[in-house]
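Peer 1: query08.pdb is reproduced below (PDB, C-alpha atoms).
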ATOM      1  CA  MET A   9     216.165 -44.021-116.720  1.00  0.00           C
ATOM      2  CA  VAL A  10     217.656 -40.520-116.434  1.00  0.00           C
ATOM      3  CA  LYS A  11     218.486 -39.842-112.792  1.00  0.00           C
ATOM      4  CA  ASP A  12     220.022 -36.379-113.031  1.00  0.00           C
ATOM      5  CA  ILE A  13     221.034 -33.744-115.586  1.00  0.00           C
ATOM      6  CA  ASP A  14     223.817 -31.369-114.532  1.00  0.00           C
ATOM      7  CA  LYS A  15     224.013 -28.640-117.188  1.00  0.00           C
ATOM      8  CA  GLU A  16     226.892 -26.869-115.435  1.00  0.00           C
ATOM      9  CA  GLN A  17     229.102 -29.972-115.566  1.00  0.00           C
ATOM     10  CA  ASN A  18     227.619 -31.235-118.864  1.00  0.00           C
ATOM     11  CA  ARG A  19     226.802 -34.545-117.174  1.00  0.00           C
ATOM     12  CA  VAL A  20     223.849 -36.890-117.323  1.00  0.00           C
ATOM     13  CA  SER A  21     223.409 -39.624-114.695  1.00  0.00           C
ATOM     14  CA  PHE A  22     221.493 -42.794-115.472  1.00  0.00           C
ATOM     15  CA  THR A  23     220.111 -45.583-113.305  1.00  0.00           C
ATOM     16  CA  TYR A  24     218.368 -48.859-113.952  1.00  0.00           C
ATOM     17  CA  LYS A  25     217.546 -49.918-110.367  1.00  0.00           C
ATOM     18  CA  GLU A  26     214.334 -47.875-110.242  1.00  0.00           C
ATOM     19  CA  LEU A  27     213.115 -49.762-113.296  1.00  0.00           C
ATOM     20  CA  LEU A  28     213.398 -53.037-111.362  1.00  0.00           C
ATOM     21  CA  GLY A  29     210.760 -51.972-108.828  1.00  0.00           C
ATOM     22  CA  THR A  30     210.938 -51.028-105.184  1.00  0.00           C
ATOM     23  CA  TRP A  31     211.448 -53.465-102.315  1.00  0.00           C
ATOM     24  CA  GLU A  32     207.740 -53.163-101.519  1.00  0.00           C
ATOM     25  CA  ASP A  33     206.741 -53.882-105.132  1.00  0.00           C
ATOM     26  CA  ASN A  34     209.023 -56.919-105.403  1.00  0.00           C
ATOM     27  CA  ILE A  35     208.216 -58.526-102.045  1.00  0.00           C
ATOM     28  CA  LYS A  36     204.522 -58.779-103.037  1.00  0.00           C
ATOM     29  CA  ASP A  37     205.451 -61.814-105.165  1.00  0.00           C
ATOM     30  CA  PHE A  38     206.686 -63.745-102.085  1.00  0.00           C
ATOM     31  CA  LYS A  39     205.034 -65.235 -99.012  1.00  0.00           C
ATOM     32  CA  GLN A  40     206.519 -66.189 -95.671  1.00  0.00           C
ATOM     33  CA  GLY A  41     206.640 -69.977 -95.227  1.00  0.00           C
ATOM     34  CA  THR A  42     207.135 -70.812 -98.908  1.00  0.00           C
ATOM     35  CA  VAL A  43     210.049 -72.296-100.862  1.00  0.00           C
ATOM     36  CA  VAL A  44     211.384 -70.328-103.841  1.00  0.00           C
ATOM     37  CA  LYS A  45     214.402 -70.374-106.130  1.00  0.00           C
ATOM     38  CA  GLY A  46     217.208 -67.860-105.744  1.00  0.00           C
ATOM     39  CA  ILE A  47     220.755 -67.100-106.859  1.00  0.00           C
ATOM     40  CA  VAL A  48     223.704 -66.761-104.479  1.00  0.00           C
ATOM     41  CA  ARG A  49     225.013 -63.207-104.767  1.00  0.00           C
ATOM     42  CA  GLU A  50     227.464 -62.971-101.880  1.00  0.00           C
ATOM     43  CA  THR A  51     228.816 -65.215 -99.168  1.00  0.00           C
ATOM     44  CA  GLU A  52     229.967 -63.299 -96.129  1.00  0.00           C
ATOM     45  CA  LYS A  53     233.570 -64.043 -95.332  1.00  0.00           C
ATOM     46  CA  SER A  54     232.827 -64.083 -91.603  1.00  0.00           C
ATOM     47  CA  LYS A  55     230.349 -66.908 -92.223  1.00  0.00           C
ATOM     48  CA  ASN A  56     227.460 -64.889 -90.779  1.00  0.00           C
ATOM     49  CA  GLY A  57     225.244 -65.436 -93.786  1.00  0.00           C
ATOM     50  CA  ILE A  58     224.736 -65.724 -97.519  1.00  0.00           C
ATOM     51  CA  PHE A  59     222.929 -63.142 -99.635  1.00  0.00           C
ATOM     52  CA  ILE A  60     220.409 -64.690-102.039  1.00  0.00           C
ATOM     53  CA  GLU A  61     218.818 -62.760-104.905  1.00  0.00           C
ATOM     54  CA  LEU A  62     215.142 -63.650-105.097  1.00  0.00           C
ATOM     55  CA  LYS A  63     214.397 -61.145-107.813  1.00  0.00           C
ATOM     56  CA  PRO A  64     216.417 -58.309-109.343  1.00  0.00           C
ATOM     57  CA  ASN A  65     216.493 -55.582-106.678  1.00  0.00           C
ATOM     58  CA  LEU A  66     215.340 -58.007-103.917  1.00  0.00           C
ATOM     59  CA  VAL A  67     217.877 -59.885-101.805  1.00  0.00           C
ATOM     60  CA  GLY A  68     217.453 -61.927 -98.635  1.00  0.00           C
ATOM     61  CA  LEU A  69     219.945 -63.232 -96.088  1.00  0.00           C
ATOM     62  CA  ALA A  70     220.274 -66.955 -95.422  1.00  0.00           C
ATOM     63  CA  GLU A  71     222.161 -68.664 -92.647  1.00  0.00           C
ATOM     64  CA  TYR A  72     225.697 -69.633 -93.635  1.00  0.00           C
ATOM     65  CA  LYS A  73     226.135 -73.066 -95.198  1.00  0.00           C
ATOM     66  CA  ASP A  74     229.385 -74.669 -96.419  1.00  0.00           C
ATOM     67  CA  ASN A  75     230.008 -75.380-100.110  1.00  0.00           C
ATOM     68  CA  ILE A  76     227.761 -72.606-101.404  1.00  0.00           C
ATOM     69  CA  GLU A  77     229.306 -70.555-104.212  1.00  0.00           C
ATOM     70  CA  TYR A  78     228.602 -67.245-105.914  1.00  0.00           C
ATOM     71  CA  GLY A  79     226.140 -67.608-108.803  1.00  0.00           C
ATOM     72  CA  GLN A  80     224.822 -70.958-107.588  1.00  0.00           C
ATOM     73  CA  ASN A  81     221.086 -71.610-107.908  1.00  0.00           C
ATOM     74  CA  VAL A  82     219.492 -72.628-104.622  1.00  0.00           C
ATOM     75  CA  ASP A  83     216.084 -73.388-103.176  1.00  0.00           C
ATOM     76  CA  VAL A  84     215.338 -71.243-100.143  1.00  0.00           C
ATOM     77  CA  PHE A  85     212.623 -71.314 -97.501  1.00  0.00           C
ATOM     78  CA  ILE A  86     211.307 -67.851 -96.601  1.00  0.00           C
ATOM     79  CA  LYS A  87     211.499 -67.862 -92.794  1.00  0.00           C
ATOM     80  CA  LYS A  88     210.496 -64.285 -92.189  1.00  0.00           C
ATOM     81  CA  ILE A  89     209.640 -61.104 -94.073  1.00  0.00           C
ATOM     82  CA  ILE A  90     210.247 -57.916 -92.082  1.00  0.00           C
ATOM     83  CA  PRO A  91     208.734 -55.028 -94.110  1.00  0.00           C
ATOM     84  CA  GLU A  92     209.649 -52.253 -91.656  1.00  0.00           C
ATOM     85  CA  LYS A  93     213.346 -53.178 -92.010  1.00  0.00           C
ATOM     86  CA  LYS A  94     213.102 -54.281 -95.663  1.00  0.00           C
ATOM     87  CA  LYS A  95     214.616 -57.649 -94.733  1.00  0.00           C
ATOM     88  CA  VAL A  96     213.963 -61.217 -95.781  1.00  0.00           C
ATOM     89  CA  LYS A  97     215.334 -64.082 -93.678  1.00  0.00           C
ATOM     90  CA  LEU A  98     215.959 -67.307 -95.578  1.00  0.00           C
ATOM     91  CA  LEU A  99     217.031 -70.915 -95.071  1.00  0.00           C
ATOM     92  CA  ILE A 100     218.931 -72.696 -97.871  1.00  0.00           C
ATOM     93  CA  PHE A 101     217.776 -76.139 -98.985  1.00  0.00           C
ATOM     94  CA  ASP A 102     219.860 -78.468-101.122  1.00  0.00           C
ATOM     95  CA  LYS A 103     220.830 -77.018-104.483  1.00  0.00           C
ATOM     96  CA  PHE A 104     218.628 -77.936-107.420  1.00  0.00           C
ATOM     97  CA  GLU A 105     219.562 -79.055-110.872  1.00  0.00           C
ATOM     98  CA  GLU A 106     218.876 -76.833-113.881  1.00  0.00           C
TER      99      GLU A 106
END
Any chance you could give the structure as C-alpha cells?

Peer 2:
Amino acid sequence: MVKDIDKEQNRVSFTYKELLGTWEDNIKDFKQGTVVKGIVRETEKSKNGIFIELKPNLVGLAEYKDNIEYGQNVDVFIKKIIPEKKKVKLLIFDKFEE
C-alpha cells in the first residue's frame, strides 16, 4: 500500500501493516478465556514477559516462562483482553507439536 508520495524528494513510502488489519479488526477473532495457538516473537531480557503473535499485526504479552525461544509455536490461554489499551494478556501452556 502506498503510504506517502513526496514529489519534492522524489520518494514514495510503502507500508504493508495497514493491509493486515487494525488491532480492533484482528481481536474480533479471539475471545477471553479461550486457548489459541501463537508464535513467540520476543522474550524480554528482564524476564517480565514474552510477546506472542496471535495473528499478523496482533501481539499479546504472556508471563515469562523458562525455555521459550523466538519462533517457537505455543498454546496460549487468553486471560484478558483490554480494548481501551489495545492489550492482550496471555498464559503459555506447554508447547505443541507441529

Peer 1: How far is it from atom CA of A:Ser21 to atom CA of A:Gly68, in Å with one decimal?

Peer 2: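 Distance between the two atoms: 28.1 Å.
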
Peer 1: At what distance in Å, to one decimal, does atom CA of A:Asn75 lie from atom CA of A:Lys94?

Peer 2: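 Computing it gives 27.4 Å between the two atoms.
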
Peer 1: Evaluate the PyMOL selection byres ((chain A and resi 42) around 10) on the structure here and hand back the selected residues as a list of chain:residue names.

Peer 2: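 What the PyMOL selection byres ((chain A and resi 42) around 10) grabs from the file is A:Phe38, A:Lys39, A:Gln40, A:Gly41, A:Val43, A:Val44, A:Val84, A:Phe85, A:Ile86, A:Lys87, A:Lys88.
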
Peer 1: If the PyMOL selection byres ((chain A and resi 63) around 10) were run on this exact file, what residues would it hold? Put them as a list in words.

Peer 2: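 Selection result, ordered by chain and number: Leu28, Gly29, Trp31, Asn34, Ile35, Asp37, Phe38, Lys45, Gly46, Ile47, Ile60, Glu61, Leu62, Pro64, Asn65, Leu66, Val67 and Gly68 of chain A.
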
Peer 1: From the set A:Glu92, A:Glu52, A:Asp12, A:Glu32, which residue has the shortest atom-to-atom contact distance to A:Asp74, counting all atoms listed in the file?

Peer 2: A:Glu52

Peer 1: Smallest atom-to-atom distance to A:Arg49: which of A:Tyr72, A:Tyr24, A:Arg19, A:Asn81, using only C-alpha atoms?

Peer 2: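 Smallest distance to A:Arg49 is found for A:Asn81.
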
Peer 1: To one decimal place, how far is atom CA of A:Lys95 from atom CA of A:Val10 in Å?

Peer 2: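 Going from atom CA of A:Lys95 over to atom CA of A:Val10 covers 27.8 Å.
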
Peer 1: What would the selection look like, as a PyMOL selection string, if the PyMOL selection byres ((chain A and resi 56) around 10) were run on the coordinates I just shared?

Peer 2: chain A and resi 51-55+57-58+69-73

Peer 1: With only C-alpha atoms as the atoms that count, which of A:Asp14, A:Phe101, A:Phe59, A:Lys36 lies nearest to A:Glu77?

Peer 2: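 Going through A:Asp14, A:Phe101, A:Phe59, A:Lys36 one by one, the smallest distance to A:Glu77 is for A:Phe59.
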
Peer 1: Since the input lacks some atoms of stretch 39-65 of chain A, please model N, CA, C and O atoms and print them as an mmCIF file, keeping the file's coordinate frame.

Peer 2:
data_model
loop_
_atom_site.group_PDB
_atom_site.id
_atom_site.type_symbol
_atom_site.label_atom_id
_atom_site.label_comp_id
_atom_site.auth_asym_id
_atom_site.auth_seq_id
_atom_site.Cartn_x
_atom_site.Cartn_y
_atom_site.Cartn_z
ATOM 1 N N LYS A 39 205.773 -65.008 -100.256
ATOM 2 C CA LYS A 39 205.034 -65.235 -99.012
ATOM 3 C C LYS A 39 205.926 -65.945 -98.004
ATOM 4 O O LYS A 39 206.665 -66.868 -98.349
ATOM 5 N N GLN A 40 205.817 -65.528 -96.760
ATOM 6 C CA GLN A 40 206.519 -66.189 -95.671
ATOM 7 C C GLN A 40 206.042 -67.639 -95.581
ATOM 8 O O GLN A 40 204.872 -67.930 -95.762
ATOM 9 N N GLY A 41 206.986 -68.559 -95.354
ATOM 10 C CA GLY A 41 206.640 -69.977 -95.227
ATOM 11 C C GLY A 41 206.643 -70.748 -96.529
ATOM 12 O O GLY A 41 206.268 -71.915 -96.557
ATOM 13 N N THR A 42 207.090 -70.117 -97.617
ATOM 14 C CA THR A 42 207.135 -70.812 -98.908
ATOM 15 C C THR A 42 208.577 -71.085 -99.321
ATOM 16 O O THR A 42 209.519 -70.498 -98.796
ATOM 17 N N VAL A 43 208.738 -71.975 -100.303
ATOM 18 C CA VAL A 43 210.049 -72.296 -100.862
ATOM 19 C C VAL A 43 210.111 -71.705 -102.263
ATOM 20 O O VAL A 43 209.192 -71.886 -103.061
ATOM 21 N N VAL A 44 211.192 -70.965 -102.537
ATOM 22 C CA VAL A 44 211.384 -70.328 -103.841
ATOM 23 C C VAL A 44 212.816 -70.561 -104.310
ATOM 24 O O VAL A 44 213.667 -70.986 -103.540
ATOM 25 N N LYS A 45 213.065 -70.243 -105.566
ATOM 26 C CA LYS A 45 214.402 -70.374 -106.130
ATOM 27 C C LYS A 45 215.116 -69.027 -106.036
ATOM 28 O O LYS A 45 214.498 -67.979 -106.162
ATOM 29 N N GLY A 46 216.418 -69.071 -105.813
ATOM 30 C CA GLY A 46 217.208 -67.860 -105.744
ATOM 31 C C GLY A 46 218.614 -68.110 -106.269
ATOM 32 O O GLY A 46 218.979 -69.239 -106.584
ATOM 33 N N ILE A 47 219.382 -67.034 -106.363
ATOM 34 C CA ILE A 47 220.755 -67.100 -106.859
ATOM 35 C C ILE A 47 221.674 -66.512 -105.796
ATOM 36 O O ILE A 47 221.429 -65.412 -105.300
ATOM 37 N N VAL A 48 222.740 -67.235 -105.475
ATOM 38 C CA VAL A 48 223.704 -66.761 -104.479
ATOM 39 C C VAL A 48 224.425 -65.544 -105.050
ATOM 40 O O VAL A 48 225.002 -65.605 -106.133
ATOM 41 N N ARG A 49 224.381 -64.444 -104.311
ATOM 42 C CA ARG A 49 225.013 -63.207 -104.767
ATOM 43 C C ARG A 49 226.213 -62.816 -103.937
ATOM 44 O O ARG A 49 227.071 -62.089 -104.405
ATOM 45 N N GLU A 50 226.292 -63.270 -102.690
ATOM 46 C CA GLU A 50 227.464 -62.971 -101.880
ATOM 47 C C GLU A 50 227.473 -63.893 -100.667
ATOM 48 O O GLU A 50 226.459 -64.114 -100.033
ATOM 49 N N THR A 51 228.645 -64.434 -100.387
ATOM 50 C CA THR A 51 228.816 -65.215 -99.168
ATOM 51 C C THR A 51 229.701 -64.402 -98.245
ATOM 52 O O THR A 51 230.787 -63.996 -98.627
ATOM 53 N N GLU A 52 229.203 -64.112 -97.071
ATOM 54 C CA GLU A 52 229.967 -63.299 -96.129
ATOM 55 C C GLU A 52 231.197 -64.066 -95.666
ATOM 56 O O GLU A 52 231.107 -65.217 -95.279
ATOM 57 N N LYS A 53 232.308 -63.400 -95.696
ATOM 58 C CA LYS A 53 233.570 -64.043 -95.332
ATOM 59 C C LYS A 53 233.619 -64.435 -93.861
ATOM 60 O O LYS A 53 234.299 -65.362 -93.483
ATOM 61 N N SER A 54 232.843 -63.754 -93.032
ATOM 62 C CA SER A 54 232.827 -64.083 -91.603
ATOM 63 C C SER A 54 231.885 -65.246 -91.303
ATOM 64 O O SER A 54 231.723 -65.635 -90.156
ATOM 65 N N LYS A 55 231.282 -65.779 -92.333
ATOM 66 C CA LYS A 55 230.349 -66.908 -92.223
ATOM 67 C C LYS A 55 229.107 -66.569 -91.397
ATOM 68 O O LYS A 55 228.530 -67.416 -90.752
ATOM 69 N N ASN A 56 228.690 -65.295 -91.458
ATOM 70 C CA ASN A 56 227.460 -64.889 -90.779
ATOM 71 C C ASN A 56 226.233 -65.137 -91.623
ATOM 72 O O ASN A 56 225.131 -65.240 -91.097
ATOM 73 N N GLY A 57 226.394 -65.217 -92.933
ATOM 74 C CA GLY A 57 225.244 -65.436 -93.786
ATOM 75 C C GLY A 57 225.595 -65.397 -95.260
ATOM 76 O O GLY A 57 226.722 -65.099 -95.644
ATOM 77 N N ILE A 58 224.586 -65.699 -96.066
ATOM 78 C CA ILE A 58 224.736 -65.724 -97.519
ATOM 79 C C ILE A 58 223.601 -64.902 -98.117
ATOM 80 O O ILE A 58 222.431 -65.131 -97.780
ATOM 81 N N PHE A 59 223.948 -63.952 -98.987
ATOM 82 C CA PHE A 59 222.929 -63.142 -99.635
ATOM 83 C C PHE A 59 222.404 -63.861 -100.876
ATOM 84 O O PHE A 59 223.182 -64.281 -101.735
ATOM 85 N N ILE A 60 221.075 -63.988 -100.945
ATOM 86 C CA ILE A 60 220.409 -64.690 -102.039
ATOM 87 C C ILE A 60 219.502 -63.707 -102.773
ATOM 88 O O ILE A 60 218.641 -63.064 -102.163
ATOM 89 N N GLU A 61 219.692 -63.597 -104.086
ATOM 90 C CA GLU A 61 218.818 -62.760 -104.905
ATOM 91 C C GLU A 61 217.562 -63.548 -105.219
ATOM 92 O O GLU A 61 217.617 -64.612 -105.833
ATOM 93 N N LEU A 62 216.418 -63.021 -104.801
ATOM 94 C CA LEU A 62 215.142 -63.650 -105.097
ATOM 95 C C LEU A 62 214.560 -63.104 -106.390
ATOM 96 O O LEU A 62 213.846 -63.795 -107.112
ATOM 97 N N LYS A 63 214.885 -61.861 -106.643
ATOM 98 C CA LYS A 63 214.397 -61.145 -107.813
ATOM 99 C C LYS A 63 215.353 -59.968 -107.994
ATOM 100 O O LYS A 63 215.905 -59.487 -107.004
ATOM 101 N N PRO A 64 215.567 -59.483 -109.224
ATOM 102 C CA PRO A 64 216.417 -58.309 -109.343
ATOM 103 C C PRO A 64 215.907 -57.202 -108.412
ATOM 104 O O PRO A 64 214.717 -56.938 -108.349
ATOM 105 N N ASN A 65 216.803 -56.631 -107.645
ATOM 106 C CA ASN A 65 216.493 -55.582 -106.678
ATOM 107 C C ASN A 65 215.794 -56.107 -105.410
ATOM 108 O O ASN A 65 215.178 -55.349 -104.677
#
